[in-house]
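my_file.cif follows (mmCIF, N, CA and C atoms):
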data_upload
#
loop_
_atom_site.label_atom_id
_atom_site.label_comp_id
_atom_site.auth_asym_id
_atom_site.auth_seq_id
_atom_site.Cartn_x
_atom_site.Cartn_y
_atom_site.Cartn_z
N MET J 1 44.69 59.63 -89.10
CA MET J 1 44.28 58.59 -90.03
C MET J 1 42.83 58.18 -89.79
N GLU J 2 42.36 58.33 -88.56
CA GLU J 2 40.98 57.95 -88.26
C GLU J 2 39.98 58.87 -88.94
N SER J 3 40.39 60.08 -89.29
CA SER J 3 39.47 61.02 -89.93
C SER J 3 39.43 60.86 -91.44
N LEU J 4 40.26 60.01 -91.99
CA LEU J 4 40.34 59.84 -93.44
C LEU J 4 39.00 59.43 -94.07
N PRO J 5 38.28 58.43 -93.53
CA PRO J 5 36.99 58.07 -94.14
C PRO J 5 35.97 59.23 -94.12
N ALA J 6 35.95 59.99 -93.03
CA ALA J 6 35.01 61.10 -92.93
C ALA J 6 35.35 62.19 -93.93
N GLU J 7 36.63 62.48 -94.09
CA GLU J 7 37.03 63.51 -95.04
C GLU J 7 36.75 63.07 -96.48
N MET J 8 36.97 61.80 -96.77
CA MET J 8 36.69 61.30 -98.10
C MET J 8 35.20 61.28 -98.39
N ALA J 9 34.38 60.98 -97.38
CA ALA J 9 32.93 60.97 -97.56
C ALA J 9 32.39 62.35 -97.85
N LYS J 10 33.04 63.38 -97.32
CA LYS J 10 32.62 64.76 -97.58
C LYS J 10 33.06 65.25 -98.96
N GLY J 11 33.91 64.46 -99.62
CA GLY J 11 34.40 64.85 -100.93
C GLY J 11 35.58 65.79 -100.87
N ASN J 12 36.21 65.93 -99.71
CA ASN J 12 37.36 66.81 -99.57
C ASN J 12 38.59 66.20 -100.22
N VAL J 13 39.44 67.06 -100.73
CA VAL J 13 40.71 66.62 -101.29
C VAL J 13 41.63 66.34 -100.10
N ILE J 14 42.27 65.18 -100.12
CA ILE J 14 43.11 64.76 -99.01
C ILE J 14 44.55 65.20 -99.26
N ASN J 15 45.07 66.00 -98.35
CA ASN J 15 46.45 66.42 -98.38
C ASN J 15 47.21 65.55 -97.37
N PRO J 16 48.31 64.94 -97.76
CA PRO J 16 49.03 64.07 -96.82
C PRO J 16 49.48 64.77 -95.54
N LEU J 17 49.58 66.07 -95.56
CA LEU J 17 50.04 66.81 -94.40
C LEU J 17 48.90 67.23 -93.46
N PHE J 18 47.67 66.80 -93.75
CA PHE J 18 46.54 67.20 -92.91
C PHE J 18 46.66 66.66 -91.49
N ILE J 19 47.47 65.64 -91.28
CA ILE J 19 47.61 65.07 -89.93
C ILE J 19 48.30 66.03 -88.98
N PHE J 20 48.96 67.06 -89.50
CA PHE J 20 49.64 68.03 -88.65
C PHE J 20 48.78 69.24 -88.35
N ASP J 21 47.50 69.19 -88.73
CA ASP J 21 46.59 70.30 -88.48
C ASP J 21 46.42 70.50 -86.97
N GLY J 22 46.28 71.75 -86.54
CA GLY J 22 46.20 72.07 -85.13
C GLY J 22 44.99 71.50 -84.42
N LYS J 23 43.88 71.27 -85.15
CA LYS J 23 42.68 70.74 -84.50
C LYS J 23 42.90 69.33 -83.96
N TYR J 24 43.82 68.57 -84.57
CA TYR J 24 44.09 67.22 -84.08
C TYR J 24 44.95 67.26 -82.82
N ARG J 25 45.90 68.17 -82.76
CA ARG J 25 46.73 68.30 -81.55
C ARG J 25 45.91 68.77 -80.36
N ARG J 26 44.93 69.61 -80.60
CA ARG J 26 44.09 70.15 -79.52
C ARG J 26 43.30 69.04 -78.83
N ASN J 27 42.88 68.04 -79.58
CA ASN J 27 42.04 66.98 -79.02
C ASN J 27 42.80 65.69 -78.72
N MET J 28 44.12 65.72 -78.75
CA MET J 28 44.90 64.49 -78.59
C MET J 28 44.66 63.83 -77.24
N GLY J 29 44.62 64.60 -76.16
CA GLY J 29 44.41 64.02 -74.84
C GLY J 29 43.07 63.32 -74.72
N GLU J 30 42.03 63.98 -75.19
CA GLU J 30 40.71 63.36 -75.12
C GLU J 30 40.58 62.17 -76.08
N PHE J 31 41.29 62.23 -77.21
CA PHE J 31 41.32 61.09 -78.12
C PHE J 31 41.95 59.87 -77.44
N LEU J 32 43.04 60.10 -76.71
CA LEU J 32 43.68 58.99 -76.01
C LEU J 32 42.78 58.44 -74.90
N ILE J 33 42.01 59.32 -74.25
CA ILE J 33 41.04 58.86 -73.25
C ILE J 33 39.97 57.99 -73.91
N LEU J 34 39.47 58.44 -75.06
CA LEU J 34 38.47 57.65 -75.80
C LEU J 34 39.01 56.28 -76.17
N MET J 35 40.24 56.24 -76.69
CA MET J 35 40.82 54.96 -77.09
C MET J 35 41.06 54.06 -75.88
N ALA J 36 41.45 54.64 -74.75
CA ALA J 36 41.66 53.84 -73.54
C ALA J 36 40.33 53.27 -73.03
N LEU J 37 39.28 54.09 -73.04
CA LEU J 37 37.96 53.60 -72.62
C LEU J 37 37.49 52.47 -73.53
N MET J 38 37.62 52.68 -74.82
CA MET J 38 37.17 51.66 -75.77
C MET J 38 37.96 50.37 -75.64
N SER J 39 39.28 50.47 -75.66
CA SER J 39 40.08 49.25 -75.62
C SER J 39 39.96 48.53 -74.28
N GLY J 40 39.84 49.29 -73.18
CA GLY J 40 39.66 48.65 -71.88
C GLY J 40 38.35 47.89 -71.78
N ALA J 41 37.26 48.54 -72.17
CA ALA J 41 35.94 47.89 -72.08
C ALA J 41 35.83 46.71 -73.05
N ILE J 42 36.35 46.87 -74.25
CA ILE J 42 36.29 45.78 -75.22
C ILE J 42 37.15 44.60 -74.75
N SER J 43 38.31 44.88 -74.19
CA SER J 43 39.18 43.80 -73.68
C SER J 43 38.50 43.04 -72.55
N VAL J 44 37.89 43.76 -71.63
CA VAL J 44 37.17 43.09 -70.53
C VAL J 44 36.01 42.28 -71.10
N GLY J 45 35.32 42.83 -72.09
CA GLY J 45 34.21 42.10 -72.71
C GLY J 45 34.67 40.82 -73.38
N PHE J 46 35.84 40.86 -74.03
CA PHE J 46 36.36 39.64 -74.67
C PHE J 46 36.78 38.60 -73.64
N MET J 47 37.16 39.03 -72.44
CA MET J 47 37.52 38.08 -71.40
C MET J 47 36.31 37.29 -70.90
N PHE J 48 35.13 37.87 -71.05
CA PHE J 48 33.90 37.21 -70.61
C PHE J 48 33.23 36.51 -71.77
N MET J 49 33.81 35.43 -72.22
CA MET J 49 33.21 34.53 -73.20
C MET J 49 33.11 35.12 -74.61
N PHE J 50 33.90 36.11 -74.98
CA PHE J 50 34.06 36.63 -76.33
C PHE J 50 32.87 37.44 -76.85
N ILE J 51 31.65 36.99 -76.63
CA ILE J 51 30.46 37.65 -77.19
C ILE J 51 30.29 39.08 -76.67
N PRO J 52 30.40 39.35 -75.36
CA PRO J 52 30.25 40.74 -74.90
C PRO J 52 31.26 41.69 -75.54
N GLY J 53 32.48 41.25 -75.74
CA GLY J 53 33.48 42.09 -76.38
C GLY J 53 33.12 42.39 -77.82
N LEU J 54 32.57 41.42 -78.50
CA LEU J 54 32.13 41.61 -79.88
C LEU J 54 30.98 42.61 -79.95
N VAL J 55 30.04 42.48 -79.04
CA VAL J 55 28.89 43.40 -79.02
C VAL J 55 29.35 44.82 -78.70
N ILE J 56 30.23 44.97 -77.73
CA ILE J 56 30.73 46.30 -77.37
C ILE J 56 31.52 46.90 -78.52
N SER J 57 32.34 46.09 -79.18
CA SER J 57 33.14 46.63 -80.29
C SER J 57 32.26 47.08 -81.45
N ILE J 58 31.17 46.38 -81.70
CA ILE J 58 30.24 46.81 -82.74
C ILE J 58 29.48 48.06 -82.29
N ALA J 59 29.06 48.08 -81.03
CA ALA J 59 28.30 49.21 -80.51
C ALA J 59 29.12 50.50 -80.55
N TRP J 60 30.41 50.41 -80.32
CA TRP J 60 31.25 51.60 -80.27
C TRP J 60 32.09 51.79 -81.53
N SER J 61 31.75 51.12 -82.61
CA SER J 61 32.57 51.17 -83.82
C SER J 61 32.59 52.54 -84.48
N PHE J 62 31.62 53.38 -84.24
CA PHE J 62 31.58 54.71 -84.86
C PHE J 62 32.08 55.80 -83.94
N ALA J 63 32.49 55.47 -82.73
CA ALA J 63 32.86 56.47 -81.72
C ALA J 63 34.02 57.34 -82.17
N VAL J 64 35.03 56.75 -82.78
CA VAL J 64 36.20 57.53 -83.18
C VAL J 64 35.84 58.52 -84.28
N VAL J 65 35.06 58.08 -85.26
CA VAL J 65 34.65 58.97 -86.34
C VAL J 65 33.76 60.09 -85.79
N LEU J 66 32.86 59.77 -84.87
CA LEU J 66 32.01 60.80 -84.28
C LEU J 66 32.85 61.79 -83.47
N PHE J 67 33.84 61.31 -82.78
CA PHE J 67 34.71 62.18 -81.99
C PHE J 67 35.46 63.15 -82.89
N ILE J 68 36.03 62.63 -83.98
CA ILE J 68 36.85 63.46 -84.85
C ILE J 68 36.01 64.33 -85.77
N ASP J 69 35.01 63.75 -86.40
CA ASP J 69 34.25 64.46 -87.43
C ASP J 69 33.19 65.39 -86.86
N LYS J 70 32.53 64.96 -85.81
CA LYS J 70 31.42 65.74 -85.26
C LYS J 70 31.81 66.53 -84.01
N ASP J 71 33.08 66.51 -83.63
CA ASP J 71 33.60 67.24 -82.46
C ASP J 71 32.82 66.93 -81.19
N LYS J 72 32.54 65.67 -80.96
CA LYS J 72 31.88 65.24 -79.74
C LYS J 72 32.93 64.90 -78.69
N SER J 73 32.54 64.97 -77.43
CA SER J 73 33.45 64.54 -76.37
C SER J 73 33.55 63.02 -76.41
N ALA J 74 34.49 62.47 -75.64
CA ALA J 74 34.71 61.03 -75.67
C ALA J 74 33.46 60.27 -75.24
N LEU J 75 32.86 60.66 -74.14
CA LEU J 75 31.67 59.95 -73.66
C LEU J 75 30.47 60.17 -74.57
N ASP J 76 30.32 61.39 -75.10
CA ASP J 76 29.22 61.63 -76.04
C ASP J 76 29.38 60.80 -77.32
N ALA J 77 30.61 60.64 -77.78
CA ALA J 77 30.85 59.83 -78.98
C ALA J 77 30.49 58.37 -78.72
N LEU J 78 30.83 57.87 -77.54
CA LEU J 78 30.48 56.48 -77.20
C LEU J 78 28.96 56.31 -77.12
N ARG J 79 28.29 57.27 -76.48
CA ARG J 79 26.82 57.19 -76.38
C ARG J 79 26.15 57.25 -77.75
N GLU J 80 26.62 58.19 -78.58
CA GLU J 80 26.02 58.36 -79.91
C GLU J 80 26.28 57.14 -80.79
N SER J 81 27.47 56.57 -80.70
CA SER J 81 27.78 55.36 -81.47
C SER J 81 26.88 54.20 -81.03
N ASN J 82 26.67 54.08 -79.73
CA ASN J 82 25.78 53.03 -79.22
C ASN J 82 24.35 53.26 -79.72
N ARG J 83 23.92 54.51 -79.75
CA ARG J 83 22.57 54.83 -80.21
C ARG J 83 22.42 54.52 -81.71
N LEU J 84 23.45 54.85 -82.49
CA LEU J 84 23.38 54.63 -83.93
C LEU J 84 23.37 53.15 -84.30
N THR J 85 24.06 52.34 -83.52
CA THR J 85 24.13 50.91 -83.84
C THR J 85 23.03 50.11 -83.18
N TYR J 86 22.23 50.74 -82.32
CA TYR J 86 21.18 50.01 -81.62
C TYR J 86 20.18 49.42 -82.62
N GLY J 87 19.97 48.13 -82.55
CA GLY J 87 19.05 47.45 -83.46
C GLY J 87 19.68 47.02 -84.77
N ASN J 88 20.92 47.40 -85.03
CA ASN J 88 21.59 47.06 -86.28
C ASN J 88 22.85 46.24 -86.08
N LYS J 89 23.09 45.77 -84.88
CA LYS J 89 24.34 45.06 -84.60
C LYS J 89 24.45 43.77 -85.41
N TRP J 90 23.35 43.04 -85.56
CA TRP J 90 23.41 41.80 -86.35
C TRP J 90 23.69 42.10 -87.81
N ARG J 91 23.12 43.18 -88.32
CA ARG J 91 23.34 43.55 -89.72
C ARG J 91 24.81 43.94 -89.93
N ILE J 92 25.36 44.72 -89.02
CA ILE J 92 26.76 45.13 -89.11
C ILE J 92 27.67 43.91 -89.01
N PHE J 93 27.41 43.07 -88.01
CA PHE J 93 28.22 41.87 -87.82
C PHE J 93 28.13 40.95 -89.03
N GLY J 94 26.94 40.72 -89.54
CA GLY J 94 26.75 39.82 -90.67
C GLY J 94 27.44 40.31 -91.93
N SER J 95 27.32 41.60 -92.21
CA SER J 95 27.95 42.11 -93.43
C SER J 95 29.47 42.08 -93.34
N GLU J 96 30.02 42.41 -92.17
CA GLU J 96 31.48 42.34 -92.03
C GLU J 96 31.97 40.89 -92.01
N ALA J 97 31.20 40.00 -91.41
CA ALA J 97 31.57 38.58 -91.41
C ALA J 97 31.51 38.02 -92.83
N LEU J 98 30.52 38.42 -93.61
CA LEU J 98 30.42 37.96 -94.99
C LEU J 98 31.61 38.42 -95.82
N ILE J 99 32.02 39.67 -95.63
CA ILE J 99 33.20 40.18 -96.34
C ILE J 99 34.44 39.38 -95.92
N ALA J 100 34.58 39.10 -94.63
CA ALA J 100 35.74 38.35 -94.14
C ALA J 100 35.75 36.92 -94.70
N ILE J 101 34.59 36.29 -94.77
CA ILE J 101 34.51 34.92 -95.30
C ILE J 101 34.85 34.89 -96.79
N VAL J 102 34.34 35.85 -97.54
CA VAL J 102 34.65 35.92 -98.98
C VAL J 102 36.15 36.15 -99.17
N LEU J 103 36.73 37.03 -98.35
CA LEU J 103 38.16 37.29 -98.43
C LEU J 103 38.96 36.03 -98.09
N LEU J 104 38.54 35.30 -97.07
CA LEU J 104 39.23 34.08 -96.68
C LEU J 104 39.18 33.03 -97.79
N ILE J 105 38.01 32.87 -98.39
CA ILE J 105 37.86 31.89 -99.48
C ILE J 105 38.72 32.30 -100.68
N ALA J 106 38.68 33.59 -101.04
CA ALA J 106 39.44 34.05 -102.20
C ALA J 106 40.94 33.90 -101.98
N THR J 107 41.43 34.29 -100.81
CA THR J 107 42.87 34.15 -100.56
C THR J 107 43.28 32.68 -100.46
N SER J 108 42.39 31.83 -99.95
CA SER J 108 42.71 30.39 -99.89
C SER J 108 42.81 29.79 -101.28
N ILE J 109 41.88 30.16 -102.15
CA ILE J 109 41.91 29.64 -103.52
C ILE J 109 43.16 30.14 -104.26
N ILE J 110 43.44 31.43 -104.12
CA ILE J 110 44.63 31.98 -104.78
C ILE J 110 45.90 31.33 -104.23
N GLY J 111 45.95 31.17 -102.90
CA GLY J 111 47.12 30.53 -102.30
C GLY J 111 47.29 29.09 -102.76
N ALA J 112 46.18 28.36 -102.91
CA ALA J 112 46.25 26.97 -103.36
C ALA J 112 46.69 26.88 -104.82
N ILE J 113 46.18 27.78 -105.63
CA ILE J 113 46.54 27.75 -107.06
C ILE J 113 48.01 28.07 -107.25
N PHE J 114 48.50 29.10 -106.56
CA PHE J 114 49.88 29.53 -106.79
C PHE J 114 50.90 28.72 -106.00
N SER J 115 50.48 27.82 -105.15
CA SER J 115 51.46 27.00 -104.42
C SER J 115 51.62 25.61 -105.03
N ILE J 116 50.95 25.36 -106.12
CA ILE J 116 51.08 24.06 -106.80
C ILE J 116 52.48 23.95 -107.40
N GLY J 117 53.14 22.89 -107.11
CA GLY J 117 54.45 22.63 -107.68
C GLY J 117 55.61 23.20 -106.90
N SER J 118 55.36 23.92 -105.85
CA SER J 118 56.41 24.49 -105.00
C SER J 118 57.42 25.32 -105.77
N VAL J 119 56.95 26.15 -106.68
CA VAL J 119 57.81 27.07 -107.41
C VAL J 119 57.84 28.37 -106.62
N SER J 120 59.02 28.78 -106.18
CA SER J 120 59.10 29.91 -105.25
C SER J 120 58.62 31.22 -105.87
N TRP J 121 58.93 31.50 -107.12
CA TRP J 121 58.49 32.77 -107.72
C TRP J 121 56.99 32.77 -107.94
N LEU J 122 56.40 31.59 -108.17
CA LEU J 122 54.96 31.49 -108.33
C LEU J 122 54.25 31.71 -106.99
N GLU J 123 54.84 31.19 -105.91
CA GLU J 123 54.29 31.43 -104.57
C GLU J 123 54.38 32.90 -104.21
N ALA J 124 55.46 33.56 -104.62
CA ALA J 124 55.62 34.99 -104.35
C ALA J 124 54.55 35.80 -105.08
N ILE J 125 54.24 35.44 -106.30
CA ILE J 125 53.19 36.13 -107.06
C ILE J 125 51.83 35.93 -106.37
N GLY J 126 51.57 34.70 -105.91
CA GLY J 126 50.33 34.44 -105.20
C GLY J 126 50.22 35.25 -103.92
N THR J 127 51.33 35.40 -103.20
CA THR J 127 51.34 36.20 -101.98
C THR J 127 51.07 37.66 -102.29
N ILE J 128 51.67 38.17 -103.35
CA ILE J 128 51.44 39.57 -103.73
C ILE J 128 49.98 39.79 -104.12
N ILE J 129 49.40 38.86 -104.86
CA ILE J 129 47.99 38.99 -105.25
C ILE J 129 47.09 38.97 -104.01
N CYS J 130 47.39 38.10 -103.05
CA CYS J 130 46.60 38.04 -101.82
C CYS J 130 46.71 39.33 -101.02
N CYS J 131 47.91 39.90 -100.96
CA CYS J 131 48.09 41.17 -100.25
C CYS J 131 47.30 42.29 -100.92
N ILE J 132 47.33 42.35 -102.24
CA ILE J 132 46.56 43.36 -102.97
C ILE J 132 45.07 43.17 -102.72
N LEU J 133 44.63 41.93 -102.68
CA LEU J 133 43.22 41.64 -102.40
C LEU J 133 42.82 42.10 -101.00
N ILE J 134 43.67 41.83 -100.04
CA ILE J 134 43.38 42.24 -98.66
C ILE J 134 43.34 43.76 -98.56
N ILE J 135 44.29 44.45 -99.19
CA ILE J 135 44.30 45.91 -99.17
C ILE J 135 43.05 46.47 -99.86
N GLY J 136 42.58 45.80 -100.89
CA GLY J 136 41.37 46.24 -101.58
C GLY J 136 40.10 46.04 -100.79
N VAL J 137 40.12 45.14 -99.83
CA VAL J 137 38.92 44.86 -99.04
C VAL J 137 38.71 45.90 -97.94
N VAL J 138 39.77 46.56 -97.51
CA VAL J 138 39.65 47.55 -96.43
C VAL J 138 38.65 48.66 -96.80
N PRO J 139 38.67 49.23 -98.00
CA PRO J 139 37.63 50.22 -98.33
C PRO J 139 36.22 49.63 -98.33
N ALA J 140 36.09 48.36 -98.66
CA ALA J 140 34.77 47.72 -98.61
C ALA J 140 34.26 47.65 -97.18
N ILE J 141 35.14 47.35 -96.24
CA ILE J 141 34.73 47.29 -94.83
C ILE J 141 34.34 48.69 -94.35
N PHE J 142 35.11 49.72 -94.75
CA PHE J 142 34.75 51.10 -94.41
C PHE J 142 33.39 51.45 -95.01
N GLY J 143 33.12 50.98 -96.22
CA GLY J 143 31.84 51.25 -96.85
C GLY J 143 30.70 50.60 -96.11
N VAL J 144 30.91 49.39 -95.61
CA VAL J 144 29.89 48.70 -94.83
C VAL J 144 29.61 49.48 -93.55
N GLU J 145 30.65 49.95 -92.90
CA GLU J 145 30.48 50.73 -91.67
C GLU J 145 29.77 52.05 -91.96
N ALA J 146 30.06 52.66 -93.12
CA ALA J 146 29.41 53.92 -93.44
C ALA J 146 27.95 53.74 -93.82
N PHE J 147 27.60 52.56 -94.34
CA PHE J 147 26.23 52.30 -94.74
C PHE J 147 25.36 52.16 -93.52
#

Can the structure in the file be given as structure tokens, please?
Amino acid sequence: MESLPAEMAKGNVINPLFIFDGKYRRNMGEFLILMALMSGAISVGFMFMFIPGLVISIAWSFAVVLFIDKDKSALDALRESNRLTYGNKWRIFGSEALIAIVLLIATSIIGAIFSIGSVSWLEAIGTIICCILIIGVVPAIFGVEAF
């Protein structure tokens, strides 16, 4: 699933069975090492006043895509991701925070409108609309990361 944005960016047709391709099984061990390194370092960073974890998570945000798409080793993917985000961390953080704030405001407004009067079917419609909105924002976040 992590390779989906890279495959879509190349214009490839996505087959649902591509996850069973042999190239993914070959790199599974190193992928798990990459994920363990990332989650361990980010978790420790979040324990130290939240900001270091945020910086590390932004710095390494492209590591998985670089590992899968560019066939880099786990450490090379982390280094390359850090190099690519160097000097752009505020821009990445700001654009993703702006998307999150807009999403929060939109879902709050929709939730407030559809919860007036405590009509259960109306609240259900509002919840469905909010879920569709949240699902629609995920490609926007991927687009921000790709930019």

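Residues in contact with Asn27 in chain J at up to 12 Å, not including ones fewer than 3 positions away on its chain and judged by only C-alpha atoms, are Asp21, Gly22, Lys23, Tyr24, Glu30, Phe31, Leu32, Ile33, Leu34, Val64, Phe67, Ile68, Asp69, Asp71, Lys72, Ser73 and Ala74 of chain J.
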
Please report, as JSON lines, each residue of range 27-102 of chain J lying at most 10 Å from range 106-123 of chain J, together with the nearest pair of atoms and the separation in Å rounded to one decimal; use only C-alpha atoms, and order rows by chain and ascending residue number.
{"residue": "J:Ala100", "atom": "CA", "partner": "J:Ala106", "partner_atom": "CA", "distance": 9.9}
{"residue": "J:Ile101", "atom": "CA", "partner": "J:Ala106", "partner_atom": "CA", "distance": 8.5}
{"residue": "J:Val102", "atom": "CA", "partner": "J:Ala106", "partner_atom": "CA", "distance": 6.1}

Keeping only N, CA and C atoms, take the residues you just selected and write them out as a CSV table (one decimal), in the frame of the given file.
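Below is the file that was written, part-v5.csv:
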chain,number,residue,atom,x,y,z
J,100,ALA,N,34.6,39.1,-94.6
J,100,ALA,CA,35.7,38.4,-94.1
J,100,ALA,C,35.8,36.9,-94.7
J,101,ILE,N,34.6,36.3,-94.8
J,101,ILE,CA,34.5,34.9,-95.3
J,101,ILE,C,34.8,34.9,-96.8
J,102,VAL,N,34.3,35.8,-97.5
J,102,VAL,CA,34.6,35.9,-99.0
J,102,VAL,C,36.2,36.2,-99.2

Notebook entry, point to check: Could you pull out all residues of chain J with a DSSP call of helix (DSSP H, G or I) and give them as a PyMOL selection string?
Noted result: chain J and resi 4-9+16-20+22-26+28-47+51-59+63-69+74-85+89-114+120-146

Item checked: Given only N, CA and C atoms as the counted atoms, nearest of J:Cys130, J:Gly29, J:Val137, J:Trp60 to Thr85 in chain J ->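 Of J:Cys130, J:Gly29, J:Val137, J:Trp60, the one nearest Thr85 in chain J is J:Trp60, counting only N, CA and C atoms.
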
As lines of an AutoDock Vina configuration file: centre and edge lengths in Å, one decimal, of the axis-aligned box holding range 61-72 of chain J with 6 Å per side:
center_x = 34.1
center_y = 59.2
center_z = -83.1
size_x = 17.4
size_y = 28.1
size_z = 20.7

Check: How many Å lie between atom C of Met35 in chain J and atom C of Tyr86 in chain J, rounded to one decimal?
Finding: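 If I compute the distance from atom C of Met35 in chain J to atom C of Tyr86 in chain J, I get 22.4 Å.
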
Next item on the list: For Pro52 in chain J, work out the shell of residues within 10 Å, counting only C-alpha atoms and skipping chain neighbours fewer than 6 positions away, then give it as a ChimeraX atom specification.
Entry: /J:41-46,58

Next item on the list: May I ask for the distance between atom C of Ala59 in chain J and atom C of Asn88 in chain J, given in Å to one decimal place?
Entry: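 Atom-to-atom, atom C of Ala59 in chain J and atom C of Asn88 in chain J are spaced 9.4 Å apart.
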
Check: In Å, how far is it from atom C of Asp76 in chain J to atom N of Ile141 in chain J?
Finding: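 Going from atom C of Asp76 in chain J over to atom N of Ile141 in chain J covers 23.9 Å.
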
Checklist line | Within 8 Å of file point (29.5, 55.8, -77.6), counting all atoms listed in the file, expressed as a ChimeraX atom specification | finding: /J:59-64,74-84
